[in-house]
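Data from start_23.cif: mmCIF, C-alpha atoms and all ligand atoms
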```
data_work
#
loop_
_atom_site.label_atom_id
_atom_site.label_comp_id
_atom_site.auth_asym_id
_atom_site.auth_seq_id
_atom_site.Cartn_x
_atom_site.Cartn_y
_atom_site.Cartn_z
CA MET A 1 -5.80 -29.48 -15.36
CA LYS A 2 -3.89 -27.33 -17.84
CA GLY A 3 -4.18 -23.57 -17.82
CA ALA A 4 -2.61 -20.53 -19.46
CA LEU A 5 -2.14 -17.00 -18.20
CA ILE A 6 -2.78 -13.93 -20.37
CA GLY A 7 -1.05 -10.77 -19.11
CA CYS A 8 2.23 -11.12 -17.19
CA GLY A 9 2.18 -7.79 -15.34
CA PHE A 10 2.27 -6.56 -11.75
CA PHE A 11 -0.53 -8.66 -10.27
CA ALA A 12 -0.23 -11.77 -12.46
CA GLN A 13 2.88 -12.82 -10.52
CA ASN A 14 0.64 -13.48 -7.50
CA GLN A 15 -1.71 -15.53 -9.65
CA MET A 16 1.20 -17.65 -10.94
CA HIS A 17 2.43 -18.28 -7.39
CA GLY A 18 -1.15 -19.12 -6.40
CA TRP A 19 -1.46 -21.69 -9.21
CA ALA A 20 1.86 -23.27 -8.23
CA GLY A 21 0.34 -24.04 -4.81
CA ILE A 22 -2.81 -25.73 -6.16
CA GLU A 23 -2.69 -29.49 -6.57
CA GLY A 24 -3.48 -30.95 -9.96
CA VAL A 25 -3.10 -27.66 -11.87
CA GLU A 26 -0.29 -26.71 -14.23
CA ILE A 27 0.10 -23.38 -16.03
CA VAL A 28 1.69 -24.60 -19.25
CA ALA A 29 1.77 -21.31 -21.19
CA VAL A 30 1.86 -17.57 -20.57
CA CYS A 31 1.19 -14.70 -22.93
CA ASP A 32 2.08 -11.01 -22.96
CA ARG A 33 2.66 -8.51 -25.73
CA ASP A 34 5.69 -7.28 -23.80
CA PRO A 35 8.63 -9.64 -24.52
CA ALA A 36 10.48 -8.97 -21.26
CA ARG A 37 7.38 -9.62 -19.16
CA ARG A 38 6.36 -12.85 -20.92
CA ASN A 39 9.88 -14.25 -20.98
CA GLU A 40 10.60 -13.46 -17.32
CA THR A 41 7.31 -15.00 -16.18
CA ALA A 42 7.75 -18.04 -18.44
CA THR A 43 11.25 -18.66 -17.11
CA ARG A 44 10.32 -18.06 -13.46
CA PHE A 45 7.39 -20.50 -13.57
CA GLY A 46 8.47 -22.97 -16.29
CA ALA A 47 5.81 -22.22 -18.94
CA ARG A 48 5.91 -21.66 -22.72
CA PRO A 49 5.86 -17.93 -23.69
CA TYR A 50 3.57 -16.47 -26.38
CA ALA A 51 3.18 -12.93 -27.73
CA ASP A 52 -0.34 -13.48 -29.02
CA ALA A 53 -3.30 -14.99 -27.18
CA ALA A 54 -5.01 -16.39 -30.31
CA GLU A 55 -1.79 -18.13 -31.32
CA MET A 56 -1.41 -19.58 -27.81
CA LEU A 57 -5.00 -20.86 -27.73
CA ALA A 58 -4.54 -22.51 -31.14
CA ALA A 59 -1.26 -24.18 -30.17
CA GLU A 60 -2.02 -25.37 -26.64
CA ASP A 61 -4.45 -27.97 -25.35
CA LEU A 62 -5.98 -26.09 -22.40
CA ASP A 63 -8.75 -26.51 -19.85
CA PHE A 64 -8.83 -22.82 -18.84
CA VAL A 65 -7.29 -19.40 -19.27
CA ASP A 66 -6.59 -16.88 -16.52
CA ILE A 67 -6.91 -13.31 -17.88
CA ALA A 68 -4.77 -10.87 -15.87
CA THR A 69 -4.69 -7.90 -18.24
CA THR A 70 -6.25 -4.50 -17.49
CA VAL A 71 -9.92 -3.95 -18.29
CA ALA A 72 -9.74 -2.58 -21.87
CA SER A 73 -8.62 -5.99 -23.23
CA HIS A 74 -11.03 -8.15 -21.19
CA ARG A 75 -13.88 -8.34 -23.72
CA PRO A 76 -11.80 -9.46 -26.76
CA LEU A 77 -9.81 -11.92 -24.64
CA VAL A 78 -12.86 -13.48 -22.95
CA GLU A 79 -14.56 -13.83 -26.35
CA LEU A 80 -11.42 -15.43 -27.80
CA ALA A 81 -11.27 -17.91 -24.91
CA ALA A 82 -14.97 -18.74 -25.37
CA GLN A 83 -14.39 -19.40 -29.09
CA ALA A 84 -11.54 -21.72 -28.14
CA GLY A 85 -13.89 -23.61 -25.82
CA VAL A 86 -12.00 -23.17 -22.53
CA HIS A 87 -13.13 -22.16 -19.03
CA VAL A 88 -12.26 -18.58 -18.07
CA ILE A 89 -11.14 -16.55 -15.07
CA CYS A 90 -11.02 -12.83 -15.73
CA GLN A 91 -9.63 -10.15 -13.43
CA LYS A 92 -11.83 -7.39 -12.03
CA PRO A 93 -13.03 -4.91 -13.17
CA PHE A 94 -14.65 -7.47 -15.47
CA ALA A 95 -15.77 -5.01 -18.17
CA GLU A 96 -15.80 -1.34 -19.09
CA THR A 97 -19.56 -1.31 -19.68
CA MET A 98 -22.59 -3.41 -18.73
CA GLU A 99 -23.11 -4.12 -22.44
CA ASP A 100 -19.60 -5.58 -22.74
CA ALA A 101 -20.13 -7.66 -19.59
CA ARG A 102 -23.40 -9.13 -20.91
CA ALA A 103 -21.75 -10.01 -24.26
CA MET A 104 -18.81 -11.70 -22.48
CA ILE A 105 -21.13 -13.76 -20.26
CA ALA A 106 -23.24 -14.78 -23.28
CA ALA A 107 -20.12 -15.88 -25.20
CA VAL A 108 -18.91 -18.18 -22.39
CA ASP A 109 -22.44 -19.49 -21.75
CA ALA A 110 -22.76 -20.35 -25.46
CA ALA A 111 -19.51 -22.32 -25.22
CA GLY A 112 -20.93 -24.23 -22.22
CA LYS A 113 -17.95 -23.21 -20.07
CA ILE A 114 -17.51 -21.71 -16.59
CA LEU A 115 -16.67 -18.02 -16.17
CA MET A 116 -15.38 -16.62 -12.87
CA VAL A 117 -14.47 -13.00 -12.18
CA HIS A 118 -11.35 -12.69 -10.00
CA ASP A 119 -13.07 -10.47 -7.39
CA ASN A 120 -11.04 -11.81 -4.49
CA PHE A 121 -11.72 -9.63 -1.43
CA ARG A 122 -14.60 -11.86 -0.28
CA TRP A 123 -11.92 -14.60 -0.12
CA GLN A 124 -9.64 -12.65 2.25
CA SER A 125 -9.28 -14.94 5.28
CA ALA A 126 -10.55 -12.38 7.80
CA VAL A 127 -13.48 -11.26 5.62
CA ARG A 128 -14.34 -14.90 5.01
CA ALA A 129 -14.40 -15.59 8.77
CA ALA A 130 -16.83 -12.68 9.21
CA ILE A 131 -19.04 -13.82 6.31
CA GLN A 132 -19.16 -17.31 7.81
CA ALA A 133 -20.06 -15.99 11.29
CA VAL A 134 -22.90 -13.87 9.85
CA ARG A 135 -24.17 -16.79 7.73
CA ASP A 136 -24.02 -19.05 10.82
CA GLY A 137 -26.29 -16.60 12.68
CA ALA A 138 -23.63 -15.53 15.24
CA ILE A 139 -25.32 -12.12 15.70
CA GLY A 140 -28.84 -13.14 14.70
CA THR A 141 -30.44 -11.27 11.82
CA PRO A 142 -28.28 -8.32 10.65
CA PHE A 143 -29.96 -4.93 10.17
CA PHE A 144 -26.95 -2.62 9.69
CA GLY A 145 -23.47 -2.98 8.20
CA ARG A 146 -20.42 -0.87 7.50
CA VAL A 147 -17.85 -2.20 5.04
CA SER A 148 -14.86 0.10 5.10
CA PHE A 149 -11.49 0.44 3.34
CA ARG A 150 -9.51 3.57 4.25
CA SER A 151 -5.82 3.93 3.51
CA GLY A 152 -3.04 6.29 2.48
CA TYR A 153 -0.95 3.52 0.87
CA ASP A 154 0.81 4.42 -2.40
CA VAL A 155 -0.92 2.13 -4.89
CA PHE A 156 0.24 4.22 -7.85
CA SER A 157 3.87 3.07 -7.84
CA GLY A 158 2.90 -0.57 -8.56
CA GLN A 159 -0.16 0.26 -10.69
CA PRO A 160 0.54 3.59 -12.48
CA TYR A 161 -2.68 3.38 -14.55
CA LEU A 162 -4.65 3.97 -11.33
CA ALA A 163 -3.39 7.59 -11.32
CA THR A 164 -4.34 8.32 -14.93
CA ASP A 165 -7.65 6.47 -15.47
CA PRO A 166 -10.69 8.79 -15.33
CA ARG A 167 -12.31 6.38 -12.84
CA PHE A 168 -10.28 5.30 -9.82
CA ILE A 169 -11.41 4.14 -6.43
CA ILE A 170 -14.92 2.82 -7.09
CA GLN A 171 -13.89 0.96 -10.24
CA ASP A 172 -10.65 -0.46 -8.82
CA LEU A 173 -11.25 -0.96 -5.10
CA GLY A 174 -14.88 -0.11 -4.38
CA ILE A 175 -15.81 -2.98 -6.69
CA HIS A 176 -14.25 -5.39 -4.15
CA ILE A 177 -15.86 -3.68 -1.17
CA LEU A 178 -19.29 -3.64 -2.84
CA ASP A 179 -18.82 -7.34 -3.58
CA VAL A 180 -18.06 -7.98 0.12
CA ALA A 181 -21.27 -6.09 1.04
CA ARG A 182 -23.20 -8.34 -1.35
CA ALA A 183 -21.55 -11.47 0.11
CA LEU A 184 -22.57 -10.34 3.61
CA PHE A 185 -26.03 -8.87 3.04
CA GLY A 186 -27.20 -10.03 -0.39
CA ASP A 187 -28.50 -8.11 -3.35
CA VAL A 188 -29.16 -4.39 -3.33
CA THR A 189 -32.36 -2.47 -4.05
CA THR A 190 -31.13 1.15 -3.91
CA LEU A 191 -27.76 2.92 -3.86
CA SER A 192 -26.65 6.51 -3.43
CA ALA A 193 -23.07 7.78 -3.42
CA THR A 194 -20.76 10.75 -3.06
CA THR A 195 -17.21 10.96 -4.42
CA ARG A 196 -14.22 13.30 -3.93
CA ARG A 197 -10.72 13.68 -5.28
CA ILE A 198 -8.34 14.71 -2.48
CA ASN A 199 -5.02 13.86 -4.20
CA SER A 200 -4.66 16.53 -6.90
CA LYS A 201 -1.96 14.49 -8.72
CA ILE A 202 -4.41 11.83 -9.91
CA ARG A 203 -7.25 12.00 -12.43
CA GLY A 204 -10.08 10.03 -10.82
CA GLU A 205 -11.87 10.02 -7.45
CA ASP A 206 -9.95 8.71 -4.43
CA VAL A 207 -12.78 8.86 -1.87
CA ALA A 208 -16.26 7.31 -2.20
CA THR A 209 -19.07 6.88 0.31
CA MET A 210 -22.03 4.70 -0.65
CA LEU A 211 -25.34 4.01 1.09
CA LEU A 212 -27.06 0.74 0.14
CA GLU A 213 -30.44 -0.79 0.93
CA HIS A 214 -30.42 -4.58 0.58
CA GLU A 215 -33.36 -6.83 -0.41
CA ASN A 216 -33.34 -8.39 3.09
CA GLY A 217 -33.83 -4.98 4.76
CA VAL A 218 -30.19 -4.40 5.81
CA THR A 219 -28.85 -0.87 5.35
CA SER A 220 -25.12 -0.76 4.67
CA VAL A 221 -22.53 1.97 4.35
CA VAL A 222 -19.69 1.11 2.00
CA ASP A 223 -16.84 3.61 2.29
CA CYS A 224 -13.46 3.69 0.54
CA SER A 225 -10.57 6.12 0.63
CA TYR A 226 -6.97 6.26 -0.57
CA ALA A 227 -6.61 9.73 0.97
CA THR A 228 -6.71 8.65 4.62
CA LYS A 229 -3.47 9.31 6.46
CA ARG A 230 -3.76 7.46 9.76
CA GLN A 231 -1.92 5.03 12.00
CA PRO A 232 -2.00 2.12 11.97
CA GLU A 233 -2.00 2.07 8.15
CA THR A 234 -4.42 -0.77 7.45
CA PHE A 235 -3.78 -1.45 3.73
CA PRO A 236 -5.18 -3.76 2.40
CA GLU A 237 -7.60 -4.62 5.21
CA THR A 238 -11.37 -4.39 4.85
CA LEU A 239 -12.90 -3.41 8.20
CA LEU A 240 -16.44 -4.33 9.22
CA GLU A 241 -19.08 -3.30 11.75
CA ILE A 242 -22.32 -5.27 11.70
CA ASP A 243 -25.34 -4.99 14.01
CA GLY A 244 -27.74 -7.91 14.30
CA ASP A 245 -30.80 -8.46 16.49
CA LYS A 246 -28.74 -10.72 18.82
CA GLY A 247 -25.42 -8.88 18.90
CA THR A 248 -22.66 -7.13 16.98
CA LEU A 249 -19.67 -8.20 14.93
CA ARG A 250 -16.58 -6.10 14.19
CA LEU A 251 -13.58 -6.86 12.04
CA ASP A 252 -11.02 -4.47 13.50
CA ALA A 253 -7.57 -3.39 12.33
CA GLY A 254 -4.97 -6.14 12.77
CA TYR A 255 -7.36 -8.90 11.62
CA ARG A 256 -9.21 -8.99 14.94
CA LEU A 257 -12.74 -10.39 14.79
CA VAL A 258 -14.92 -9.34 17.74
CA ILE A 259 -18.36 -10.88 18.32
CA GLN A 260 -20.46 -9.48 21.18
CA THR A 261 -23.68 -11.22 22.19
CA GLY A 262 -23.71 -10.48 25.91
CA ALA A 263 -20.33 -12.21 26.22
CA GLU A 264 -17.44 -11.07 24.03
CA GLU A 265 -15.48 -13.40 21.76
CA VAL A 266 -12.26 -12.13 20.15
CA ARG A 267 -10.64 -14.16 17.38
CA ASP A 268 -7.31 -13.68 15.60
CA VAL A 269 -8.28 -14.16 11.93
CA ALA A 270 -5.01 -13.00 10.38
CA PRO A 271 -4.20 -14.55 7.01
CA ALA A 272 -1.25 -16.89 6.67
CA VAL A 273 1.87 -15.36 5.09
CA LEU A 274 2.48 -17.81 2.25
CA PRO A 275 6.16 -18.61 1.52
CA TRP A 276 6.18 -16.38 -1.59
CA ALA A 277 4.11 -13.57 -0.04
CA GLU A 278 5.18 -10.25 1.45
CA ARG A 279 3.53 -7.93 3.95
CA PRO A 280 1.23 -6.03 3.66
CA TRP A 281 0.09 -7.77 0.45
CA HIS A 282 0.01 -11.23 2.12
CA ASN A 283 -3.70 -10.77 2.85
CA ILE A 284 -4.53 -10.27 -0.84
CA GLN A 285 -2.00 -12.91 -1.91
CA LYS A 286 -3.63 -15.57 0.26
CA SER A 287 -7.05 -14.60 -1.13
CA VAL A 288 -5.70 -15.11 -4.67
CA GLN A 289 -4.82 -18.70 -3.86
CA LEU A 290 -8.22 -19.24 -2.19
CA ILE A 291 -10.28 -17.87 -5.09
CA GLN A 292 -8.23 -19.86 -7.62
CA GLN A 293 -8.75 -23.01 -5.51
CA HIS A 294 -12.50 -22.21 -5.53
CA PHE A 295 -12.41 -22.00 -9.35
CA VAL A 296 -10.70 -25.41 -9.58
CA ASP A 297 -13.25 -26.87 -7.11
CA CYS A 298 -16.04 -25.51 -9.33
CA LEU A 299 -14.52 -27.01 -12.49
CA ARG A 300 -14.25 -30.37 -10.72
CA SER A 301 -17.79 -30.31 -9.28
CA GLY A 302 -19.63 -28.39 -12.04
CA MET A 303 -20.76 -25.78 -9.46
CA GLN A 304 -20.97 -22.10 -10.44
CA PRO A 305 -18.29 -19.92 -8.76
CA GLU A 306 -19.52 -17.41 -6.16
CA THR A 307 -18.29 -14.58 -8.38
CA SER A 308 -19.47 -16.07 -11.67
CA GLY A 309 -19.94 -13.70 -14.61
CA HIS A 310 -23.69 -13.63 -13.94
CA ASP A 311 -23.16 -12.84 -10.25
CA ASN A 312 -20.53 -10.20 -10.92
CA LEU A 313 -22.91 -8.35 -13.25
CA LYS A 314 -24.72 -7.27 -10.07
CA THR A 315 -21.49 -5.92 -8.54
CA LEU A 316 -20.64 -4.10 -11.79
CA ALA A 317 -24.14 -2.60 -11.82
CA LEU A 318 -23.43 -1.18 -8.33
CA VAL A 319 -20.20 0.40 -9.62
CA GLU A 320 -22.06 2.03 -12.51
CA ALA A 321 -24.85 3.15 -10.18
CA ALA A 322 -22.34 4.70 -7.75
CA TYR A 323 -20.77 6.83 -10.50
CA GLN A 324 -24.21 7.84 -11.78
CA SER A 325 -25.52 8.66 -8.31
CA ALA A 326 -22.45 10.76 -7.46
CA ALA A 327 -22.64 12.65 -10.75
CA ASP A 328 -26.41 13.27 -10.70
CA ARG A 329 -26.87 13.46 -6.90
CA THR A 330 -29.61 10.84 -7.19
CA ARG A 331 -30.53 7.59 -5.50
CA ILE A 332 -30.49 4.68 -7.95
CA ASP A 333 -33.13 1.93 -8.03
CA MET A 334 -31.02 -1.18 -8.69
CA ARG A 335 -33.97 -3.26 -9.89
CA ALA A 336 -34.00 -1.13 -13.04
CA ALA A 337 -30.19 -0.93 -13.36
CA GLU A 338 -29.03 -4.49 -14.16
P1 LIG B 401 -0.27 -4.48 -15.62
O1 LIG B 401 -0.42 -3.34 -16.56
O2 LIG B 401 0.92 -4.50 -14.70
O3 LIG B 401 -0.24 -5.86 -16.43
C1 LIG B 401 -1.08 -6.13 -17.52
C2 LIG B 401 -0.26 -6.88 -18.56
O4 LIG B 401 -1.15 -7.31 -19.59
C3 LIG B 401 0.82 -6.03 -19.25
O5 LIG B 401 2.07 -6.66 -19.11
C4 LIG B 401 0.36 -5.95 -20.71
O6 LIG B 401 1.44 -5.94 -21.64
C5 LIG B 401 -0.47 -7.21 -20.84
N1 LIG B 401 -1.51 -7.17 -21.91
C6 LIG B 401 -2.47 -6.23 -22.12
N2 LIG B 401 -3.25 -6.58 -23.14
C7 LIG B 401 -2.79 -7.77 -23.61
C8 LIG B 401 -3.19 -8.64 -24.64
N3 LIG B 401 -4.24 -8.37 -25.42
N4 LIG B 401 -2.49 -9.78 -24.84
C9 LIG B 401 -1.43 -10.07 -24.05
N5 LIG B 401 -1.00 -9.28 -23.05
C10 LIG B 401 -1.66 -8.14 -22.82
O7 LIG B 401 -1.62 -4.56 -14.81
P2 LIG B 401 -1.85 -5.16 -13.33
O8 LIG B 401 -1.62 -4.10 -12.33
O9 LIG B 401 -1.18 -6.46 -13.20
O10 LIG B 401 -3.45 -5.36 -13.37
C11 LIG B 401 -4.04 -6.36 -14.17
C12 LIG B 401 -5.48 -6.57 -13.74
O11 LIG B 401 -5.46 -7.08 -12.41
C13 LIG B 401 -6.31 -5.28 -13.69
O12 LIG B 401 -7.60 -5.55 -14.17
C14 LIG B 401 -6.34 -4.91 -12.19
O13 LIG B 401 -7.52 -4.23 -11.81
C15 LIG B 401 -6.31 -6.29 -11.57
N6 LIG B 401 -5.78 -6.31 -10.20
C16 LIG B 401 -6.45 -7.07 -9.31
C17 LIG B 401 -6.04 -7.15 -8.01
C18 LIG B 401 -6.82 -8.02 -7.07
O14 LIG B 401 -6.54 -8.11 -5.87
N7 LIG B 401 -7.84 -8.72 -7.55
C19 LIG B 401 -4.92 -6.44 -7.57
C20 LIG B 401 -4.22 -5.68 -8.52
C21 LIG B 401 -4.65 -5.63 -9.84
O1 LIG B 402 -7.13 -5.21 -5.28
C1 LIG B 402 -6.98 -4.44 -6.22
O2 LIG B 402 -7.74 -4.51 -7.14
C2 LIG B 402 -5.81 -3.46 -6.24
C3 LIG B 402 -5.71 -2.56 -5.02
C4 LIG B 402 -5.76 -3.28 -3.70
C5 LIG B 402 -4.42 -1.77 -5.09
O3 LIG B 402 -6.77 -1.65 -5.05
O4 LIG B 402 -5.88 -2.71 -7.40
#
```

Could you render the structure as structure tokens?
Amino acid sequence: MKGALIGCGFFAQNQMHGWAGIEGVEIVAVCDRDPARRNETATRFGARPYADAAEMLAAEDLDFVDIATTVASHRPLVELAAQAGVHVICQKPFAETMEDARAMIAAVDAAGKILMVHDNFRWQSAVRAAIQAVRDGAIGTPFFGRVSFRSGYDVFSGQPYLATDPRFIIQDLGIHILDVARALFGDVTTLSATTRRINSKIRGEDVATMLLEHENGVTSVVDCSYATKRQPETFPETLLEIDGDKGTLRLDAGYRLVIQTGAEEVRDVAPAVLPWAERPWHNIQKSVQLIQQHFVDCLRSGMQPETSGHDNLKTLALVEAAYQSAADRTRIDMRAAE
């Protein structure tokens, strides 16, 4: 399978390493407007460099493109890929608006190709172990969940745009945590949210607390903060607390999965540190390889990815609803919002 990467920035390096570890896939070309970035990435991974995505798509014979640019360029690039008739992975946040997202999904559908959003937190090894345990009925039928990401880690040095964008934590990080809540408890009927900005040096909100009702009756609390100064620093761990009618499940700091159903079972679900990975990012880096492997499995089998464009529309709708709810101090009915 031949692929090409568009956007050779901070995070794309993980994606390139991830592809290098997947059998039967070769990234033959990379594209970035920035000459230093495209040339460095092309040399490091042995691919042909391009300055322009349209030119690359015309010149190369590709099965898929992997779009790793920031959100403003996602719609034109996804539409370009659809016109070229290739499968598409696009980084989160998928789109700036619901209207853009719908147009991008329609374009890839019309081309008869597969579209996956790179919303990778549900593929973190520890989160995946918890999802599997819940799906296997380890604690019976869940009725309450808390999906929590609280950190004081400096994300702004690697991703400076996070300090200047008007929207921060819900759009960048909450989107992953909302997606994990959907993977655990299914679709959402209502959402209400509060937001705060604690760090006065940034433009957007760095704390968000969301209350969700799910179609299956579960109530979940989804909370995110980049203003939490505590030890141990848990970046980039997602912590969980789930109550079911037969017991409880917790994903604690240090990738410790605890299942209590009378007896207590404690599992070490720490992610592997891949040869190219570095702590503390190894958790996210492993999830990149897993979600990319899932995409390849879907292309081979014809299955839709878990975070297909259609599926991710529901996660994006939660992001929009959270901003609306926090601004208007209202509770949003999600059945009207998608
Ligand atoms: P970045 O700014 O470091 O890199 C983006 C690159 O895209 C830049 O080099 C830029 O020149 C290039 N680019 C932009 N528009 C282009 C175009 N039309 N054609 C060619 N090149 C173009 O950004 P980043 O921090 O790597 O983030 C990229 C995306 O990855 C964002 O959407 C971000 O939210 C996401 N991200 C995801 C995760 C995750 O775990 N899933 C983690 C970090 C970042
Ligand atoms: O995963 C992400 O999307 C990253 C980070 C973990 C820093 O929020 O932007």

Discussion item. Counting only C-alpha atoms, which residues sit no farther than 12 Å from the position (-17.1, -25.1, -9.4) in the file's frame? I'd like them as a count of residues only.
Written reply: 25

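The residues sitting within 6 Å of ligand LIG 402 (chain B), with only C-alpha atoms and all ligand atoms considered, come out as Val155, Asp172 and Leu173 of chain A.
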
Worksheet item: Using all atoms listed in the file, which residues sit within 12 Å of Ala317 of chain A once same-chain residues fewer than 6 positions away are excluded, as a VMD selection string?
Response: chain A and resid 93 to 99 101 to 102 170 to 171 175 178 to 179 182 187 to 191 310 to 311 323 to 325 332 to 338

Worksheet item: Restricting the calculation to only C-alpha atoms and all ligand atoms, which member of A:Leu313, A:Ala53, A:Ile242, A:Ala47 is positioned closest to ligand LIG 401 (chain B)?
Response: A:Ala53

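In terms of minimum interatomic distance to ligand LIG 401 (chain B), A:Ala51 ranks closest within A:Ile139, A:Ala20, A:Leu290, A:Ala51, counting all atoms listed in the file.
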
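Across the model, the gap from atom CA of Leu184 of chain A to atom CA of Gln132 of chain A is 8.8 Å.
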
Take every atom of segment 292-307 of chain A listed in the file, pad by 6 Å on each side, and give me the axis-aligned box centre and edge lengths in Å, one decimal, as lines of an AutoDock Vina configuration file.
```
center_x = -14.6
center_y = -22.5
center_z = -9.0
size_x = 24.7
size_y = 27.8
size_z = 19.0
```

Practice prompt. Kindly indicate which residue among A:Ala181, A:Met104, A:Leu80, A:Val71 lies nearest to ligand LIG 401 (chain B), using all atoms listed in the file for the distances.
Written response: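 Counting all atoms listed in the file, the residue closest to ligand LIG 401 (chain B) is A:Val71.
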
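With only C-alpha atoms and all ligand atoms as the atoms that count, the minimum distance from ligand LIG 401 (chain B) to the choices A:Leu212, A:Ala263, A:Leu62, A:Val288 is reached by A:Val288.
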
Worksheet item: Which residue out of A:Glu241, A:Glu278, A:Asp52, A:Asp136 has the minimum interatomic distance to Ser148 of chain A when all atoms listed in the file are used?
Response: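 Smallest separation from Ser148 of chain A among the options: A:Glu241.
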
Worksheet item: Do you know which residues are at most 12 Å from Gln231 of chain A counting all atoms listed in the file, after dropping those on the same chain fewer than 5 positions away, and could you put them as a ChimeraX atom specification?
Response: /A:150-153,253-254

Discussion item. At a cut-off of 9 Å, using all atoms listed in the file, what residues contact Arg267 of chain A? Leave out same-chain residues fewer than 3 positions from it and give the result as a VMD selection string.
Written reply: chain A and resid 255 to 259

Fill in: Nearest to ligand LIG 401 (chain B), chosen from A:Ala68, A:Ala36, A:Val207, A:Ala54, with all atoms listed in the file counted in the distances
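That would be A:Ala68, the residue with the smallest distance to ligand LIG 401 (chain B).
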
Show me as an mmCIF file with C-alpha atoms, in the coordinates of the input the residues that reach within 12 Å of (-5.3, -16.1, -14.8), counting all atoms listed in the file and using the file's own coordinates.
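Dumped to selection-v4.cif:
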```cif
data_model
loop_
_atom_site.group_PDB
_atom_site.id
_atom_site.type_symbol
_atom_site.label_atom_id
_atom_site.label_comp_id
_atom_site.auth_asym_id
_atom_site.auth_seq_id
_atom_site.Cartn_x
_atom_site.Cartn_y
_atom_site.Cartn_z
ATOM 1 C CA LYS A 2 -3.890 -27.330 -17.840
ATOM 2 C CA GLY A 3 -4.180 -23.570 -17.820
ATOM 3 C CA ALA A 4 -2.610 -20.530 -19.460
ATOM 4 C CA LEU A 5 -2.140 -17.000 -18.200
ATOM 5 C CA ILE A 6 -2.780 -13.930 -20.370
ATOM 6 C CA GLY A 7 -1.050 -10.770 -19.110
ATOM 7 C CA CYS A 8 2.230 -11.120 -17.190
ATOM 8 C CA GLY A 9 2.180 -7.790 -15.340
ATOM 9 C CA PHE A 11 -0.530 -8.660 -10.270
ATOM 10 C CA ALA A 12 -0.230 -11.770 -12.460
ATOM 11 C CA GLN A 13 2.880 -12.820 -10.520
ATOM 12 C CA ASN A 14 0.640 -13.480 -7.500
ATOM 13 C CA GLN A 15 -1.710 -15.530 -9.650
ATOM 14 C CA MET A 16 1.200 -17.650 -10.940
ATOM 15 C CA HIS A 17 2.430 -18.280 -7.390
ATOM 16 C CA GLY A 18 -1.150 -19.120 -6.400
ATOM 17 C CA TRP A 19 -1.460 -21.690 -9.210
ATOM 18 C CA GLU A 26 -0.290 -26.710 -14.230
ATOM 19 C CA ILE A 27 0.100 -23.380 -16.030
ATOM 20 C CA VAL A 28 1.690 -24.600 -19.250
ATOM 21 C CA ALA A 29 1.770 -21.310 -21.190
ATOM 22 C CA VAL A 30 1.860 -17.570 -20.570
ATOM 23 C CA CYS A 31 1.190 -14.700 -22.930
ATOM 24 C CA PHE A 64 -8.830 -22.820 -18.840
ATOM 25 C CA VAL A 65 -7.290 -19.400 -19.270
ATOM 26 C CA ASP A 66 -6.590 -16.880 -16.520
ATOM 27 C CA ILE A 67 -6.910 -13.310 -17.880
ATOM 28 C CA ALA A 68 -4.770 -10.870 -15.870
ATOM 29 C CA THR A 69 -4.690 -7.900 -18.240
ATOM 30 C CA THR A 70 -6.250 -4.500 -17.490
ATOM 31 C CA HIS A 74 -11.030 -8.150 -21.190
ATOM 32 C CA LEU A 77 -9.810 -11.920 -24.640
ATOM 33 C CA VAL A 78 -12.860 -13.480 -22.950
ATOM 34 C CA ALA A 81 -11.270 -17.910 -24.910
ATOM 35 C CA HIS A 87 -13.130 -22.160 -19.030
ATOM 36 C CA VAL A 88 -12.260 -18.580 -18.070
ATOM 37 C CA ILE A 89 -11.140 -16.550 -15.070
ATOM 38 C CA CYS A 90 -11.020 -12.830 -15.730
ATOM 39 C CA GLN A 91 -9.630 -10.150 -13.430
ATOM 40 C CA LYS A 92 -11.830 -7.390 -12.030
ATOM 41 C CA LEU A 115 -16.670 -18.020 -16.170
ATOM 42 C CA MET A 116 -15.380 -16.620 -12.870
ATOM 43 C CA VAL A 117 -14.470 -13.000 -12.180
ATOM 44 C CA HIS A 118 -11.350 -12.690 -10.000
ATOM 45 C CA VAL A 288 -5.700 -15.110 -4.670
ATOM 46 C CA GLN A 289 -4.820 -18.700 -3.860
ATOM 47 C CA ILE A 291 -10.280 -17.870 -5.090
ATOM 48 C CA GLN A 292 -8.230 -19.860 -7.620
ATOM 49 C CA PHE A 295 -12.410 -22.000 -9.350
ATOM 50 C CA VAL A 296 -10.700 -25.410 -9.580
#
```
